[in-house]
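Asker: Below you'll find final-v2.txt; it's compact mmCIF, C-alpha atoms and all ligand atoms.
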```
# COMPACT_ATOMS: atom_id res chain seq x y z
CA MET A 87 26.62 9.22 -16.40
CA ILE A 88 23.27 9.96 -14.83
CA SER A 89 22.51 13.51 -13.59
CA GLU A 90 21.90 14.17 -9.92
CA LYS A 91 18.39 15.36 -10.72
CA LEU A 92 17.43 12.18 -12.57
CA ALA A 93 19.12 9.95 -9.97
CA LYS A 94 17.05 11.70 -7.28
CA ALA A 95 13.85 11.23 -9.28
CA ILE A 96 14.60 7.52 -9.78
CA ASN A 97 15.44 7.21 -6.10
CA ASP A 98 12.00 8.65 -5.29
CA GLN A 99 10.47 6.08 -7.60
CA ILE A 100 12.22 3.27 -5.68
CA ASN A 101 10.33 4.52 -2.65
CA LYS A 102 7.05 4.62 -4.58
CA GLU A 103 7.54 1.06 -5.87
CA ILE A 104 8.14 -0.17 -2.33
CA TYR A 105 5.06 1.78 -1.24
CA SER A 106 3.13 0.01 -4.04
CA SER A 107 4.29 -3.31 -2.64
CA TYR A 108 3.16 -2.26 0.82
CA LEU A 109 -0.21 -1.17 -0.54
CA TYR A 110 -0.77 -4.52 -2.25
CA TYR A 111 0.26 -6.41 0.87
CA ALA A 112 -2.45 -4.44 2.74
CA MET A 113 -4.94 -5.44 0.05
CA ALA A 114 -3.82 -9.08 0.16
CA ALA A 115 -4.42 -9.09 3.91
CA GLN A 116 -7.95 -7.73 3.45
CA ALA A 117 -8.82 -10.23 0.73
CA GLU A 118 -7.41 -13.08 2.83
CA ALA A 119 -9.45 -11.97 5.87
CA GLN A 120 -12.64 -12.07 3.77
CA GLY A 121 -11.91 -15.58 2.50
CA PHE A 122 -11.06 -14.54 -1.06
CA LYS A 123 -7.95 -16.69 -1.31
CA GLY A 124 -7.56 -16.19 -5.05
CA CYS A 125 -7.77 -12.39 -4.80
CA ALA A 126 -5.33 -12.53 -1.88
CA ASN A 127 -2.97 -14.53 -4.09
CA TRP A 128 -3.27 -11.95 -6.88
CA PHE A 129 -2.49 -9.04 -4.53
CA HIS A 130 0.34 -10.93 -2.89
CA ILE A 131 1.99 -11.58 -6.24
CA GLN A 132 1.39 -7.96 -7.16
CA ALA A 133 3.23 -6.98 -3.96
CA LEU A 134 6.17 -9.21 -4.87
CA GLU A 135 6.29 -7.80 -8.41
CA GLU A 136 6.44 -4.26 -7.06
CA LEU A 137 9.53 -5.20 -5.08
CA THR A 138 11.15 -6.40 -8.30
CA HIS A 139 10.30 -3.03 -9.88
CA ALA A 140 12.05 -1.27 -6.99
CA ASP A 141 14.99 -3.66 -7.28
CA LYS A 142 15.41 -2.98 -10.98
CA PHE A 143 15.60 0.78 -10.30
CA PHE A 144 18.00 0.18 -7.40
CA LYS A 145 20.38 -1.84 -9.57
CA TYR A 146 20.17 0.74 -12.34
CA LEU A 147 21.22 3.57 -10.02
CA CYS A 148 24.14 1.47 -8.81
CA SER A 149 25.16 0.70 -12.39
CA GLN A 150 25.21 4.45 -13.06
CA GLY A 151 27.45 5.16 -10.08
CA ALA A 152 24.64 6.83 -8.12
CA LEU A 153 23.94 6.04 -4.48
CA PRO A 154 20.42 4.75 -3.75
CA VAL A 155 19.06 6.15 -0.48
CA MET A 156 16.31 4.30 1.38
CA GLU A 157 13.74 6.79 2.67
CA ALA A 158 10.75 6.10 4.96
CA VAL A 159 7.80 4.38 3.30
CA ASP A 160 4.31 5.83 3.84
CA LYS A 161 1.62 3.77 5.53
CA PRO A 162 -0.84 2.54 2.89
CA GLU A 163 -4.42 3.75 3.30
CA LEU A 164 -7.21 1.64 1.81
CA LYS A 165 -10.18 3.59 0.46
CA GLY A 166 -12.46 0.61 0.99
CA THR A 167 -12.15 -3.03 1.94
CA GLU A 168 -14.63 -4.75 -0.39
CA ILE A 169 -13.00 -6.64 -3.25
CA LYS A 170 -14.41 -4.25 -5.84
CA ALA A 171 -13.07 -1.24 -3.91
CA LEU A 172 -9.63 -2.87 -3.68
CA PHE A 173 -9.43 -3.31 -7.44
CA GLU A 174 -10.77 0.20 -8.05
CA GLN A 175 -7.96 1.55 -5.89
CA THR A 176 -5.52 -0.72 -7.73
CA LEU A 177 -6.45 0.83 -11.07
CA GLU A 178 -6.31 4.34 -9.65
CA HIS A 179 -2.91 3.64 -8.13
CA GLU A 180 -1.50 2.14 -11.32
CA ARG A 181 -2.66 5.19 -13.29
CA PHE A 182 -0.79 7.33 -10.79
CA VAL A 183 2.34 5.19 -11.22
CA THR A 184 2.03 5.48 -15.00
CA SER A 185 2.01 9.26 -14.67
CA ARG A 186 5.18 9.08 -12.57
CA ILE A 187 6.94 6.84 -15.09
CA ASN A 188 5.91 9.25 -17.84
CA SER A 189 7.40 12.15 -15.85
CA LEU A 190 10.65 10.22 -15.48
CA MET A 191 10.68 9.53 -19.20
CA LYS A 192 10.11 13.23 -19.90
CA LEU A 193 13.05 14.09 -17.66
CA THR A 194 15.38 11.67 -19.49
CA ARG A 195 14.46 13.40 -22.76
CA GLU A 196 14.99 16.87 -21.34
CA GLU A 197 18.41 15.76 -20.19
CA GLY A 198 19.32 13.88 -23.36
CA ASP A 199 19.98 10.77 -21.23
CA TYR A 200 19.34 8.08 -23.84
CA ALA A 201 20.59 5.22 -21.68
CA SER A 202 18.01 6.03 -19.02
CA GLU A 203 15.36 6.48 -21.67
CA ILE A 204 16.00 2.95 -22.95
CA PHE A 205 16.01 1.64 -19.39
CA LEU A 206 12.67 3.30 -18.64
CA GLN A 207 11.00 1.81 -21.70
CA TRP A 208 10.58 -1.43 -19.77
CA TYR A 209 8.47 0.43 -17.19
CA VAL A 210 6.40 2.17 -19.85
CA THR A 211 5.45 -1.23 -21.26
CA GLU A 212 4.93 -2.69 -17.81
CA GLN A 213 2.45 0.06 -16.91
CA ILE A 214 0.33 -0.75 -19.95
CA GLU A 215 0.03 -4.28 -18.58
CA GLU A 216 -0.58 -3.09 -15.01
CA GLU A 217 -3.51 -0.91 -16.04
CA GLU A 218 -4.85 -3.54 -18.42
CA ASN A 219 -4.85 -6.23 -15.71
CA ALA A 220 -6.68 -4.08 -13.17
CA THR A 221 -9.20 -2.89 -15.77
CA GLY A 222 -9.87 -6.47 -16.89
CA ILE A 223 -10.54 -7.66 -13.34
CA LEU A 224 -12.82 -4.67 -12.63
CA ASP A 225 -14.77 -5.38 -15.82
CA GLN A 226 -15.27 -8.96 -14.64
CA ILE A 227 -16.43 -7.77 -11.21
CA ARG A 228 -18.93 -5.39 -12.81
CA LEU A 229 -20.21 -8.19 -15.04
CA THR A 230 -20.83 -10.45 -12.06
CA GLY A 231 -23.13 -7.83 -10.51
CA ASP A 232 -24.04 -9.11 -7.07
CA SER A 233 -23.59 -12.73 -8.04
CA LYS A 234 -21.73 -14.71 -5.38
CA GLN A 235 -21.12 -17.43 -7.92
CA GLY A 236 -19.49 -14.92 -10.25
CA MET A 237 -17.15 -13.72 -7.50
CA PHE A 238 -16.38 -17.30 -6.60
CA MET A 239 -15.38 -18.00 -10.20
CA LEU A 240 -13.25 -14.85 -10.37
CA ASP A 241 -11.54 -15.78 -7.12
CA ARG A 242 -10.70 -19.18 -8.55
CA GLU A 243 -9.29 -17.58 -11.65
CA LEU A 244 -7.08 -15.19 -9.69
CA ALA A 245 -5.77 -18.10 -7.62
CA ALA A 246 -3.95 -19.27 -10.74
CA ARG A 247 -1.68 -16.21 -10.95
CA VAL A 248 1.98 -17.10 -10.44
CA PHE A 249 4.93 -14.89 -9.65
CA THR A 250 7.22 -14.32 -12.62
CA PRO A 251 10.31 -12.26 -11.91
CA PRO A 252 11.28 -9.81 -14.68
CA PRO A 253 14.01 -11.11 -17.00
CA ALA A 254 17.55 -10.38 -15.82
CA PRO A 255 19.41 -7.77 -17.90
CA ALA A 256 21.85 -9.17 -20.46
CA ALA A 257 25.29 -9.96 -19.01
CA ASP A 258 28.02 -7.34 -19.65
FE1 LIG V 301 5.42 -0.88 -10.25
O1 LIG V 301 3.92 -1.09 -11.25
FE2 LIG V 301 2.44 -1.31 -10.19
O2 LIG V 301 2.65 0.12 -9.13
```
Output the file's structure as structure tokens, nothing else.

Answerer:
Amino acid sequence: MISEKLAKAINDQINKEIYSSYLYYAMAAQAEAQGFKGCANWFHIQALEELTHADKFFKYLCSQGALPVMEAVDKPELKGTEIKALFEQTLEHERFVTSRINSLMKLTREEGDYASEIFLQWYVTEQIEEEENATGILDQIRLTGDSKQGMFMLDRELAARVFTPPPAPAAD
């Protein structure tokens, strides 16, 4: 049985995951408006993935007999609208999310909640990938310098990203 404190912290994270989705939708809109269809595709898929992260937390709370509560979602603020600025904010945001997942993990250990610790391991691994992806794209942007051709190639590459929902948990 999950503690009230941990259930509340996970509930807050549902809100943050939905905020992440909202943030990436805002970025997708910016990229689309600038004609970077591939970048827009990448952000759009990122937005969809964030919803699956929220959904996974939601289902976990339900499975633990806790009641998920949907709070208001903040309006996303973009720090810049150029493609490079969007990916810089992406990396910064994912580092923030990693710190939140780490705090949740710390809480499960303090409470001796091993079931939740195992559940959270998926997010720990996911955050490694999230940061790695954003870092990799930023490295490519830096390598292109001011080259329009380089950005065109990157945009084409990001157009290939496809949405892959996380694997469903094993049946009871
Ligand atoms: Fe949910 O991982 Fe990104 O924010």

Asker: What is the distance between CA of Leu190 (chain A) and CA of Leu92 (chain A), in Å to one decimal?

Answerer: 7.6 Å

Asker: Using all atoms listed in the file, which residues have at least one atom no more than 7 Å from ligand LIG 301 (chain V)? Output them as a ChimeraX atom specification.

Answerer: /A:103,106,136,139,179-180,183,212-213,216

Asker: Just to be explicit: take each residue in the selection above, keep C-alpha atoms, and write the result as a JSON list (two decimals), in the frame of the given file.

Answerer:
```
[["chain", "number", "residue", "atom", "x", "y", "z"],
["A", 103, "GLU", "CA", 7.54, 1.06, -5.87],
["A", 106, "SER", "CA", 3.13, 0.01, -4.04],
["A", 136, "GLU", "CA", 6.44, -4.26, -7.06],
["A", 139, "HIS", "CA", 10.30, -3.03, -9.88],
["A", 179, "HIS", "CA", -2.91, 3.64, -8.13],
["A", 180, "GLU", "CA", -1.50, 2.14, -11.32],
["A", 183, "VAL", "CA", 2.34, 5.19, -11.22],
["A", 212, "GLU", "CA", 4.93, -2.69, -17.81],
["A", 213, "GLN", "CA", 2.45, 0.06, -16.91],
["A", 216, "GLU", "CA", -0.58, -3.09, -15.01]]
```

Asker: With all atoms listed in the file as the basis for distance, which of A:Arg247, A:Lys123, A:Lys102, A:Lys165 is at the shortest distance from Asp141 (chain A)?

Answerer: A:Lys102

Asker: What gap, in Å, lies between CA of Trp208 (chain A) and CA of Glu163 (chain A)?

Answerer: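 Separation of CA of Trp208 (chain A) and CA of Glu163 (chain A): 28.0 Å.
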
Asker: If I put a ball of radius 10 Å at (-3.4, -11.0, -7.3) in the file's coordinates, which residues poke into it when counting all atoms listed in the file, written as a VMD selection string?

Answerer: chain A and resid 110 113 to 114 117 123 to 133 173 219 to 220 223 241 243 to 249

Asker: Please list as a list in words every residue within 10 Å of Met191 (chain A), counting all atoms listed in the file and excluding residues in the same chain fewer than 6 positions away.

Answerer: Leu92, Ser185, Glu197, Asp199, Tyr200, Ser202, Glu203, Ile204, Phe205, Leu206, Gln207, Tyr209 and Val210 of chain A

Asker: Taking only C-alpha atoms into account, name the residue in A:Ser89, A:Gln235, A:Gln99, A:Gln226 that is nearest to Glu157 (chain A).

Answerer: A:Gln99

Asker: Using only C-alpha atoms for the distances, tell me which of A:Ile214, A:Leu134, A:Met237, A:Ile104 is nearest to Ala158 (chain A).

Answerer: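 Closest residue, counting only C-alpha atoms: A:Ile104.
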
Asker: Return as AutoDock Vina command-line options the centre and edge lengths, in Å with one decimal, of the box along x, y and z that encloses every atom of region 202-210 of chain A in the file, padded by 6 Å per side.

Answerer:
```
--center_x 12.2 --center_y 2.5 --center_z -20.1 --size_x 23.6 --size_y 19.9 --size_z 17.8
```

Asker: What's the separation between CA of Ala140 (chain A) and CA of Asp225 (chain A), in Å to one decimal place?

Answerer: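 Value for the CA of Ala140 (chain A)-CA of Asp225 (chain A) distance: 28.5 Å.
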